$ cat work26.cif   # mmCIF, C-alpha atoms
data_input
#
loop_
_atom_site.label_atom_id
_atom_site.label_comp_id
_atom_site.auth_asym_id
_atom_site.auth_seq_id
_atom_site.Cartn_x
_atom_site.Cartn_y
_atom_site.Cartn_z
CA LEU A 246 -18.57 -14.09 -13.02
CA PHE A 247 -16.60 -11.82 -15.34
CA HIS A 248 -19.18 -9.04 -15.30
CA VAL A 249 -18.05 -5.55 -14.32
CA SER A 250 -20.12 -5.71 -11.13
CA ASN A 251 -18.06 -8.70 -9.92
CA ILE A 252 -14.66 -6.98 -10.19
CA VAL A 253 -14.28 -6.67 -6.41
CA SER A 254 -15.00 -10.39 -5.94
CA LEU A 255 -12.49 -11.26 -8.66
CA CYS A 256 -9.90 -9.07 -6.94
CA CYS A 257 -10.40 -10.94 -3.65
CA MET A 258 -10.27 -14.33 -5.39
CA MET A 259 -7.07 -13.41 -7.21
CA TYR A 260 -5.38 -12.44 -3.96
CA TYR A 261 -6.58 -15.17 -1.60
CA LEU A 262 -6.79 -18.11 -4.05
CA ASN A 263 -3.67 -17.64 -6.17
CA PRO A 264 -0.87 -20.19 -5.57
CA ILE A 265 1.67 -17.61 -4.39
CA THR A 266 -0.50 -16.40 -1.51
CA VAL A 267 -1.65 -19.91 -0.57
CA LEU A 268 1.87 -21.36 -0.48
CA ALA A 269 3.37 -18.37 1.35
CA THR A 270 0.63 -18.51 3.98
CA SER A 271 0.59 -22.28 4.48
CA ILE A 272 4.35 -22.67 4.91
CA TYR A 273 4.96 -19.79 7.33
CA PRO A 274 2.27 -18.12 9.47
CA THR A 275 2.01 -14.43 8.61
CA PHE A 276 -0.05 -11.37 9.45
CA GLN A 277 0.30 -9.86 5.98
CA GLY A 278 -3.25 -10.86 5.14
CA VAL A 279 -4.53 -9.05 8.22
CA GLN A 280 -2.76 -5.85 7.19
CA HIS A 281 -4.19 -6.03 3.70
CA LEU A 282 -7.65 -6.72 5.14
CA LEU A 283 -7.42 -3.56 7.27
CA LEU A 284 -6.25 -1.54 4.27
CA VAL A 285 -9.10 -2.77 2.08
CA SER A 286 -11.57 -2.15 4.92
CA ALA A 287 -10.37 1.44 5.28
CA PHE A 288 -11.01 2.18 1.61
CA GLN A 289 -14.25 0.21 1.62
CA VAL A 290 -15.56 2.46 4.37
CA ALA A 291 -14.33 5.55 2.54
CA THR A 292 -15.89 4.63 -0.83
CA ASP A 293 -19.15 3.10 0.43
CA ARG A 294 -21.77 5.75 -0.21
CA SER A 295 -24.40 3.82 1.75
CA VAL A 296 -22.44 4.25 4.99
CA GLY A 297 -23.75 7.37 6.63
CA ALA A 298 -25.93 8.25 3.63
CA ILE A 299 -29.02 8.52 5.81
CA ALA A 300 -27.14 10.82 8.19
CA ASP A 301 -26.00 12.93 5.23
CA ARG A 302 -29.58 13.33 4.04
CA ASN A 303 -30.99 14.06 7.47
CA THR A 304 -28.23 16.45 8.50
CA ALA A 305 -28.73 19.93 7.15
CA THR A 306 -25.66 21.53 5.67
CA ILE A 307 -25.03 24.79 7.49
CA SER A 308 -23.36 27.39 5.29
CA THR A 309 -22.02 30.73 6.42
CA GLY A 310 -20.33 32.57 3.58
CA THR A 311 -17.86 30.02 2.19
CA HIS A 312 -17.78 27.83 5.28
CA VAL A 313 -19.50 24.44 5.04
CA ARG A 314 -19.82 22.12 8.01
CA THR A 315 -18.84 18.50 7.53
CA SER A 316 -21.84 16.17 7.76
CA LYS A 317 -22.14 13.52 10.45
CA GLY A 318 -22.04 10.64 7.97
CA THR A 319 -18.79 11.81 6.39
CA SER A 320 -17.24 12.45 9.80
CA LYS A 321 -18.01 8.90 10.94
CA LYS A 322 -16.47 7.42 7.81
CA VAL A 323 -13.36 9.58 8.23
CA LEU A 324 -12.95 8.44 11.85
CA VAL A 325 -13.30 4.74 11.01
CA SER A 326 -11.08 4.72 7.91
CA THR A 327 -8.31 6.83 9.46
CA CYS A 328 -8.37 4.63 12.57
CA LEU A 329 -7.75 1.53 10.45
CA LEU A 330 -4.98 3.31 8.55
CA ALA A 331 -3.37 4.50 11.80
CA ILE A 332 -3.26 0.92 13.06
CA LEU A 333 -1.53 -0.12 9.84
CA ALA A 334 0.91 2.79 10.10
CA TYR A 335 1.84 1.67 13.61
CA PHE A 336 2.82 -1.75 12.33
CA GLU A 337 4.52 -0.45 9.17
CA MET A 338 5.32 3.23 8.70
CA TYR A 339 5.38 2.91 4.91
CA LEU A 340 1.59 2.57 4.85
CA VAL A 341 1.16 6.26 5.72
CA ILE A 342 1.43 6.94 1.99
CA PHE A 343 -2.10 5.55 1.58
CA LEU A 344 -3.45 8.59 3.42
CA SER A 345 -3.20 10.53 0.15
CA PRO A 346 -5.56 8.28 -1.88
CA LEU A 347 -7.83 7.99 1.17
CA ILE A 348 -8.26 11.77 1.14
CA GLY A 349 -8.88 11.51 -2.59
CA CYS A 350 -11.77 9.10 -1.96
CA PHE A 351 -13.43 11.55 0.42
CA ARG A 352 -12.82 14.35 -2.08
CA HIS A 353 -14.79 12.41 -4.68
CA ILE A 354 -17.61 11.88 -2.19
CA CYS A 355 -17.76 15.61 -1.46
CA LEU A 356 -17.81 16.51 -5.15
CA GLY A 357 -20.35 13.77 -5.92
CA ASN A 358 -22.71 14.98 -3.21
CA GLY A 359 -22.46 18.56 -4.45
CA GLY A 360 -20.82 19.67 -1.21
CA GLY A 361 -23.34 17.79 0.93
CA GLY A 362 -20.55 15.93 2.71
CA GLY A 363 -18.62 19.10 3.49
CA SER A 364 -16.10 21.24 1.67
CA THR A 365 -13.07 19.55 0.12
CA LYS A 366 -10.52 21.49 2.18
CA GLN A 367 -12.41 20.87 5.40
CA VAL A 368 -12.67 17.12 4.76
CA MET A 369 -8.96 17.02 3.87
CA GLY A 370 -8.03 18.76 7.12
CA TRP A 371 -10.36 16.51 9.09
CA CYS A 372 -8.72 13.40 7.58
CA ILE A 373 -5.22 14.57 8.45
CA PHE A 374 -6.23 15.62 11.96
CA SER A 375 -8.11 12.37 12.61
CA PHE A 376 -5.24 10.20 11.35
CA THR A 377 -2.69 12.13 13.42
CA ALA A 378 -4.83 11.86 16.54
CA TRP A 379 -5.36 8.12 16.11
CA TYR A 380 -1.66 7.52 15.40
CA ILE A 381 -0.55 9.47 18.49
CA MET A 382 -3.11 7.64 20.60
CA ILE A 383 -1.96 4.20 19.42
CA ASN A 384 1.70 5.03 20.06
CA PHE A 385 0.79 6.41 23.48
CA VAL A 386 -0.99 3.16 24.37
CA SER A 387 2.04 1.20 23.16
CA PHE A 388 4.34 3.38 25.27
CA GLN A 389 2.17 2.89 28.34
CA LEU A 390 2.16 -0.89 27.86
CA LEU A 391 5.93 -0.86 27.45
CA SER A 392 6.35 1.19 30.63
CA SER A 393 4.04 -1.08 32.60
CA ARG A 394 5.89 -4.12 31.26
CA LYS A 395 9.20 -2.82 32.54
CA SER A 396 7.82 -2.06 35.99
CA SER A 397 7.88 -4.75 38.63
CA ASP A 398 4.14 -4.62 39.30
CA SER A 399 3.05 -5.06 35.69
CA SER A 400 -0.24 -6.85 35.34
CA SER A 401 -0.72 -10.01 33.36
CA ALA A 402 -3.24 -8.25 31.10
CA SER A 403 -0.74 -5.61 29.98
CA GLU A 404 1.87 -8.33 29.47
CA THR A 405 -0.50 -10.26 27.21
CA ILE A 406 -1.55 -7.21 25.18
CA TYR A 407 2.05 -6.04 24.76
CA SER A 408 3.22 -9.50 23.65
CA ILE A 409 0.47 -9.57 21.02
CA MET A 410 1.47 -6.12 19.75
CA GLN A 411 5.11 -7.14 19.59
CA THR A 412 4.19 -10.30 17.68
CA LEU A 413 2.24 -8.26 15.13
CA ASN A 414 5.10 -5.78 14.90
CA VAL A 415 7.75 -8.29 13.80
CA GLY A 416 10.02 -6.90 11.11
CA ARG A 417 9.62 -3.24 11.98
CA ASP A 418 13.32 -2.76 12.65
CA HIS A 419 15.26 -3.14 9.40
CA THR A 420 18.68 -2.20 10.77
CA ILE A 421 19.94 -5.61 9.65
CA LEU A 422 18.76 -6.56 6.17
CA SER A 423 18.50 -10.29 5.53
CA PRO A 424 18.15 -11.84 2.05
CA ASN A 425 14.67 -11.32 0.61
CA ILE A 426 12.92 -10.90 -2.72
CA GLY A 427 14.08 -7.28 -2.95
CA ILE A 428 17.48 -5.99 -4.04
CA GLN A 429 18.47 -3.67 -1.19
CA TRP A 430 19.82 -6.53 0.94
CA TYR A 431 22.53 -7.21 -1.66
CA LEU A 432 23.59 -3.57 -1.73
CA PHE A 433 23.56 -3.59 2.08
CA MET A 434 26.02 -6.50 2.10
CA ASN A 435 28.46 -4.56 -0.09
CA ILE A 436 28.33 -1.37 1.99
CA PHE A 437 31.09 -0.63 4.51
CA SER A 438 29.98 -1.31 8.06
CA ARG A 439 30.38 2.32 9.11
CA CYS A 440 27.98 3.43 6.34
CA ARG A 441 25.27 0.82 6.84
CA HIS A 442 23.14 2.89 9.18
CA PHE A 443 23.18 5.77 6.69
CA PHE A 444 22.26 3.34 3.90
CA VAL A 445 19.30 1.94 5.85
CA VAL A 446 17.96 5.40 6.73
CA SER A 447 18.37 6.78 3.22
CA THR A 448 16.75 3.79 1.48
CA LYS A 449 13.75 4.03 3.78
CA ALA A 450 12.86 7.26 1.96
CA PHE A 451 12.59 5.63 -1.48
CA PRO A 452 8.82 4.85 -1.34
CA TRP A 453 8.06 8.41 -0.23
CA ILE A 454 9.62 10.00 -3.33
CA PHE A 455 6.68 9.14 -5.58
CA VAL A 456 3.86 10.21 -3.25
CA ALA A 457 3.68 13.93 -4.07
CA PRO A 458 4.14 13.81 -7.88
CA PHE A 459 1.80 10.85 -8.39
CA THR A 460 -0.84 12.36 -6.12
CA LEU A 461 -0.78 15.64 -8.05
CA ARG A 462 -1.00 13.82 -11.38
CA PHE A 463 -3.62 11.17 -10.53
CA TYR A 464 -5.71 12.83 -7.83
CA ARG A 465 -8.82 11.98 -9.84
CA TYR A 466 -8.14 8.25 -9.49
CA PRO A 467 -7.60 7.39 -5.80
CA MET A 468 -7.98 3.62 -6.27
CA ALA A 469 -5.43 3.70 -9.08
CA LEU A 470 -3.09 5.48 -6.66
CA VAL A 471 -3.63 2.68 -4.15
CA ALA A 472 -2.56 0.07 -6.71
CA MET A 473 0.46 2.14 -7.77
CA PHE A 474 1.64 2.78 -4.22
CA GLN A 475 1.19 -0.87 -3.28
CA LEU A 476 3.28 -2.05 -6.23
CA PHE A 477 5.93 0.59 -5.56
CA LEU A 478 6.11 -0.68 -1.98
CA ALA A 479 6.53 -4.23 -3.29
CA ILE A 480 9.64 -3.03 -5.13
CA LEU A 481 11.16 -0.26 -2.99
CA LYS A 482 10.62 -1.60 0.52
CA GLN A 483 13.70 -2.82 2.33
CA SER A 484 12.08 -6.17 3.08
CA PRO A 485 9.32 -6.78 0.51
CA THR A 486 7.30 -9.98 0.47
CA LEU A 487 5.39 -11.93 -2.12
CA HIS A 488 2.19 -10.91 -0.36
CA ASP A 489 2.88 -7.29 -1.31
CA MET A 490 3.28 -8.21 -4.96
CA SER A 491 0.25 -10.50 -4.99
CA PHE A 492 -1.93 -7.88 -3.32
CA GLY A 493 -0.76 -5.16 -5.70
CA ILE A 494 -1.47 -7.27 -8.79
CA ALA A 495 -4.94 -8.04 -7.44
CA LEU A 496 -5.64 -4.33 -6.95
CA LEU A 497 -5.02 -3.72 -10.65
CA LEU A 498 -8.31 -5.48 -11.38
CA LEU A 499 -10.14 -2.59 -9.73
CA GLN A 500 -9.09 -0.35 -12.65
CA PRO A 501 -10.35 -2.10 -15.81
CA ARG A 502 -10.25 1.13 -17.86
CA SER A 503 -6.51 1.33 -17.24
CA LEU A 504 -5.91 -2.37 -17.77
CA ILE A 505 -7.36 -2.34 -21.28
CA ARG A 506 -4.82 0.34 -22.25
CA MET A 507 -1.81 -1.68 -21.09
CA GLN A 508 0.43 -3.30 -23.70
CA ARG A 509 0.81 -7.04 -24.23
CA PHE A 510 4.30 -6.99 -22.77
CA SER A 511 2.69 -6.76 -19.33
CA ILE A 512 1.25 -10.27 -19.78
CA ILE A 513 4.71 -11.62 -20.60
CA ALA A 514 6.16 -9.93 -17.51
CA LEU A 515 3.34 -11.30 -15.34
CA LEU A 516 3.97 -14.85 -16.58
CA ALA A 517 7.73 -14.48 -16.04
CA ILE A 518 7.39 -13.51 -12.36
CA PRO A 519 6.57 -17.08 -11.12
CA VAL A 520 9.66 -18.37 -12.93
CA THR A 521 11.94 -15.94 -11.10
CA ILE A 522 10.25 -16.82 -7.79
CA PHE A 523 10.84 -20.54 -8.30
CA ILE A 524 14.51 -20.06 -9.20
CA TYR A 525 14.86 -17.67 -6.25
CA ILE A 526 13.63 -20.39 -3.87
CA VAL A 527 16.11 -22.87 -5.32
CA ASP A 528 19.05 -20.45 -5.11
CA TYR A 529 18.03 -19.44 -1.60
CA TRP A 530 18.16 -23.06 -0.46
CA LEU A 531 21.46 -23.72 -2.26
CA TRP A 532 23.15 -20.71 -0.67
CA LEU A 533 21.75 -20.54 2.87
CA GLU A 534 20.81 -24.16 3.53
CA SER A 535 23.25 -26.43 1.70
CA GLY A 536 26.04 -23.86 1.33
CA THR A 537 26.76 -24.82 -2.28
CA GLY A 538 25.23 -21.72 -3.89
CA ASN A 539 26.31 -18.16 -4.43
CA PRO A 540 24.65 -14.89 -3.36
CA ASN A 541 25.13 -13.49 -6.87
CA TYR A 542 22.77 -16.12 -8.29
CA LEU A 543 20.14 -15.13 -5.73
CA PHE A 544 20.59 -11.45 -6.48
CA PHE A 545 20.14 -11.97 -10.23
CA GLN A 546 16.76 -13.62 -9.64
CA CYS A 547 15.74 -10.79 -7.32
CA LEU A 548 16.83 -8.30 -9.97
CA ALA A 549 14.84 -10.09 -12.69
CA TYR A 550 11.78 -10.28 -10.43
CA ASN A 551 11.88 -6.56 -9.69
CA VAL A 552 12.50 -5.66 -13.34
CA PHE A 553 9.41 -7.60 -14.47
CA LEU A 554 7.32 -6.13 -11.65
CA MET A 555 8.54 -2.61 -12.44
CA ALA A 556 7.60 -3.15 -16.09
CA ILE A 557 4.03 -3.92 -15.01
CA VAL A 558 3.92 -0.86 -12.76
CA LEU A 559 5.21 1.48 -15.48
CA GLN A 560 2.73 0.05 -17.97
CA PHE A 561 -0.10 0.64 -15.51
CA VAL A 562 1.05 4.22 -14.84
CA SER A 563 1.27 4.89 -18.58
CA ALA A 564 -2.18 3.38 -19.15
CA THR A 565 -3.67 5.53 -16.38
CA MET A 566 -2.13 8.63 -17.96
CA LYS A 567 -3.72 7.70 -21.31
CA ARG A 568 -7.03 7.20 -19.52
CA ASP A 569 -6.77 10.61 -17.86
CA LYS A 570 -5.82 12.26 -21.14
CA ALA A 571 -8.83 10.73 -22.90
CA LEU A 572 -11.11 11.93 -20.11
CA ARG A 573 -9.73 15.46 -20.25
CA LEU A 574 -10.13 15.60 -24.04
CA THR A 575 -13.72 14.38 -23.72
CA GLU A 576 -14.50 17.01 -21.12
CA LYS A 577 -12.90 19.70 -23.27
CA GLN A 578 -14.92 18.70 -26.32
CA SER A 579 -18.15 18.66 -24.31
CA VAL A 580 -17.44 22.17 -23.02
CA LEU A 581 -16.75 23.41 -26.58
CA ARG A 582 -20.02 21.92 -27.79
CA LEU A 583 -21.95 23.68 -25.04
CA ASN A 584 -20.34 26.98 -25.96
#
$ encode --input "work26.cif" --output "C-alpha cells"
Amino acid sequence: LFHVSNIVSLCCMMYYLNPITVLATSIYPTFQGVQHLLLVSAFQVATDRSVGAIADRNTATISTGTHVRTSKGTSKKVLVSTCLLAILAYFEMYLVIFLSPLIGCFRHICLGNGGGGGSTKQVMGWCIFSFTAWYIMINFVSFQLLSSRKSSDSSSASETIYSIMQTLNVGRDHTILSPNIGIQWYLFMNIFSRCRHFFVVSTKAFPWIFVAPFTLRFYRYPMALVAMFQLFLAILKQSPTLHDMSFGIALLLLQPRSLIRMQRFSIIALLAIPVTIFIYIVDYWLWLESGTGNPNYLFFQCLAYNVFLMAIVLQFVSATMKRDKALRLTEKQSVLRLN
C-alpha cells in the first residue's frame, strides 16, 4: 500500500476518508468535493501520457523553420483540461491561478516528447486561448439563461438549468464576510462601513500575489505548484473551508521528494490543526448560538489554525527549493563530467 506507485491512491484516501472531510460533508451538503474532482480531473488529463499518445505517434510533426504544429493528441488534452478549469473558474474566480501549473504540465509533455507534442510557446498560447474561449462561452451561456429567466416567456428547461447553476455558485459574492475559519472576517468587522467595499476588493487580490514569483521559481514542478496554490488559497481566501485545507494537505503526498526534506516541526503543526478546529467549533457555538462567547476567542483559534497551516506551507516551499537546488547541482556536475 505504501509503495511509490500507490501515492495517488493514498492521496485520494487521505482526502475522502479523513475525519475532517467526512464530518464536514455529512453535516452540511457541499459541492466542494465536486470542484476538487474537476480540478484533479483537469490535471489527470494533462499529465496522462496515454491520452492521445496514439494520435501523437500517428500525426506527423510538420516543421517549417522554427514553427512546429501542435499534435492532435496534445490539442485534445488541452481542450478537455482547460474546459474543466474554465468551469471551476466560473464557480470560483480564484481557481484561475491553476492555469499556470496546467501550462507547466503541458510544457513537460512537450519537452519529454522531444517537441513531438508541439513547441512550448505554441502549447502555452493554445492553453491560454482555449481557457479564455471556454470561460467566455460559459459566461455567455449563463448570461443567456439569466436573460431568459427574466423574460416572461422563459421555458421551464432554462429555469431548471439556471437554478442548478445558481445552487452550485453559492458563496461567489463575498461582499458580506461571515465568520469562518479564515481571519479576514474579523478584520472586516473592525473596518469602517464606508471602507468595507475597498477592503473586500483589495483582499481578493491576496492569492494572486504569489502566482508570478512562484511560477518563475518552480516552473519545473507543476504538481508542487498545485499543492502550494491550494494551500495558499486555504489561507488567503476570504471564505476558506476545511475542504480546502484537507485537499491541500492531501496534494502534498504527490511530492514525496519534497516531503522528505521537510522538518519535523511540520508534523507538530499538522497534529495541532485538529485541536484548533475543535476549539473553533466550540467557540463558534458559544458566540453565535448560545450568545455566551466572544468573537475574540473565535478569532484566536482562526489565527492559530492559519499560523500552523502557514508553517506547513512554508516548510513545503523550503523543501521544494532544496529539491530544486539539489537537482540543479546534479545537472551541473553531470555537465562538468561530460566536458
$ closest_residue --input "work26.cif" --among "A:Pro424, A:His488, A:Thr460, A:Ala472" --to "A:Leu533" --atoms "only C-alpha atoms"
A:Pro424
$ resolve_selection --input "work26.cif" --expression "the PyMOL selection byres ((chain A and resi 518-531) around 12)" --output "ChimeraX atom specification"
/A:263-266,268-269,423-427,486-487,490-491,494,511-517,532-557
$ resolve_selection --input "work26.cif" --expression "the PyMOL selection byres ((chain A and resi 377) around 12)" --output "list in words"
Leu324, Thr327, Cys328, Leu330, Ala331, Ile332, Ala334, Tyr335, Val341, Leu344, Gly370, Trp371, Cys372, Ile373, Phe374, Ser375, Phe376, Ala378, Trp379, Tyr380, Ile381, Met382, Ile383 and Asn384 of chain A
$ atom_distance --input "work26.cif" --atom1 "atom CA of A:Phe463" --atom2 "atom CA of A:Leu499"
15.2 Å
$ resolve_selection --input "work26.cif" --expression "the PyMOL selection byres ((chain A and resi 449) around 12)" --output "MDAnalysis selection string"
chainID A and resid 337:339 417:420 422 429 442:448 450:454 478 481:484
$ write_last_selection --input "work26.cif" --atoms "C-alpha atoms" --output "tab-separated table (two decimals), in the coordinates of the input"
chain	number	residue	atom	x	y	z
A	337	GLU	CA	4.52	-0.45	9.17
A	338	MET	CA	5.32	3.23	8.70
A	339	TYR	CA	5.38	2.91	4.91
A	417	ARG	CA	9.62	-3.24	11.98
A	418	ASP	CA	13.32	-2.76	12.65
A	419	HIS	CA	15.26	-3.14	9.40
A	420	THR	CA	18.68	-2.20	10.77
A	422	LEU	CA	18.76	-6.56	6.17
A	429	GLN	CA	18.47	-3.67	-1.19
A	442	HIS	CA	23.14	2.89	9.18
A	443	PHE	CA	23.18	5.77	6.69
A	444	PHE	CA	22.26	3.34	3.90
A	445	VAL	CA	19.30	1.94	5.85
A	446	VAL	CA	17.96	5.40	6.73
A	447	SER	CA	18.37	6.78	3.22
A	448	THR	CA	16.75	3.79	1.48
A	450	ALA	CA	12.86	7.26	1.96
A	451	PHE	CA	12.59	5.63	-1.48
A	452	PRO	CA	8.82	4.85	-1.34
A	453	TRP	CA	8.06	8.41	-0.23
A	454	ILE	CA	9.62	10.00	-3.33
A	478	LEU	CA	6.11	-0.68	-1.98
A	481	LEU	CA	11.16	-0.26	-2.99
A	482	LYS	CA	10.62	-1.60	0.52
A	483	GLN	CA	13.70	-2.82	2.33
A	484	SER	CA	12.08	-6.17	3.08
$ closest_residue --input "work26.cif" --among "A:Leu476, A:Ile348, A:Leu572, A:Cys440" --to "A:Arg502" --atoms "all atoms listed in the file"
A:Leu572
$ atom_distance --input "work26.cif" --atom1 "atom CA of A:Thr292" --atom2 "atom CA of A:Phe477"
22.7 Å
$ closest_residue --input "work26.cif" --among "A:Gln560, A:Thr319, A:Gln475, A:Gln289" --to "A:Phe343" --atoms "only C-alpha atoms"
A:Gln475
$ atom_distance --input "work26.cif" --atom1 "atom CA of A:Leu498" --atom2 "atom CA of A:Gln277"
19.9 Å
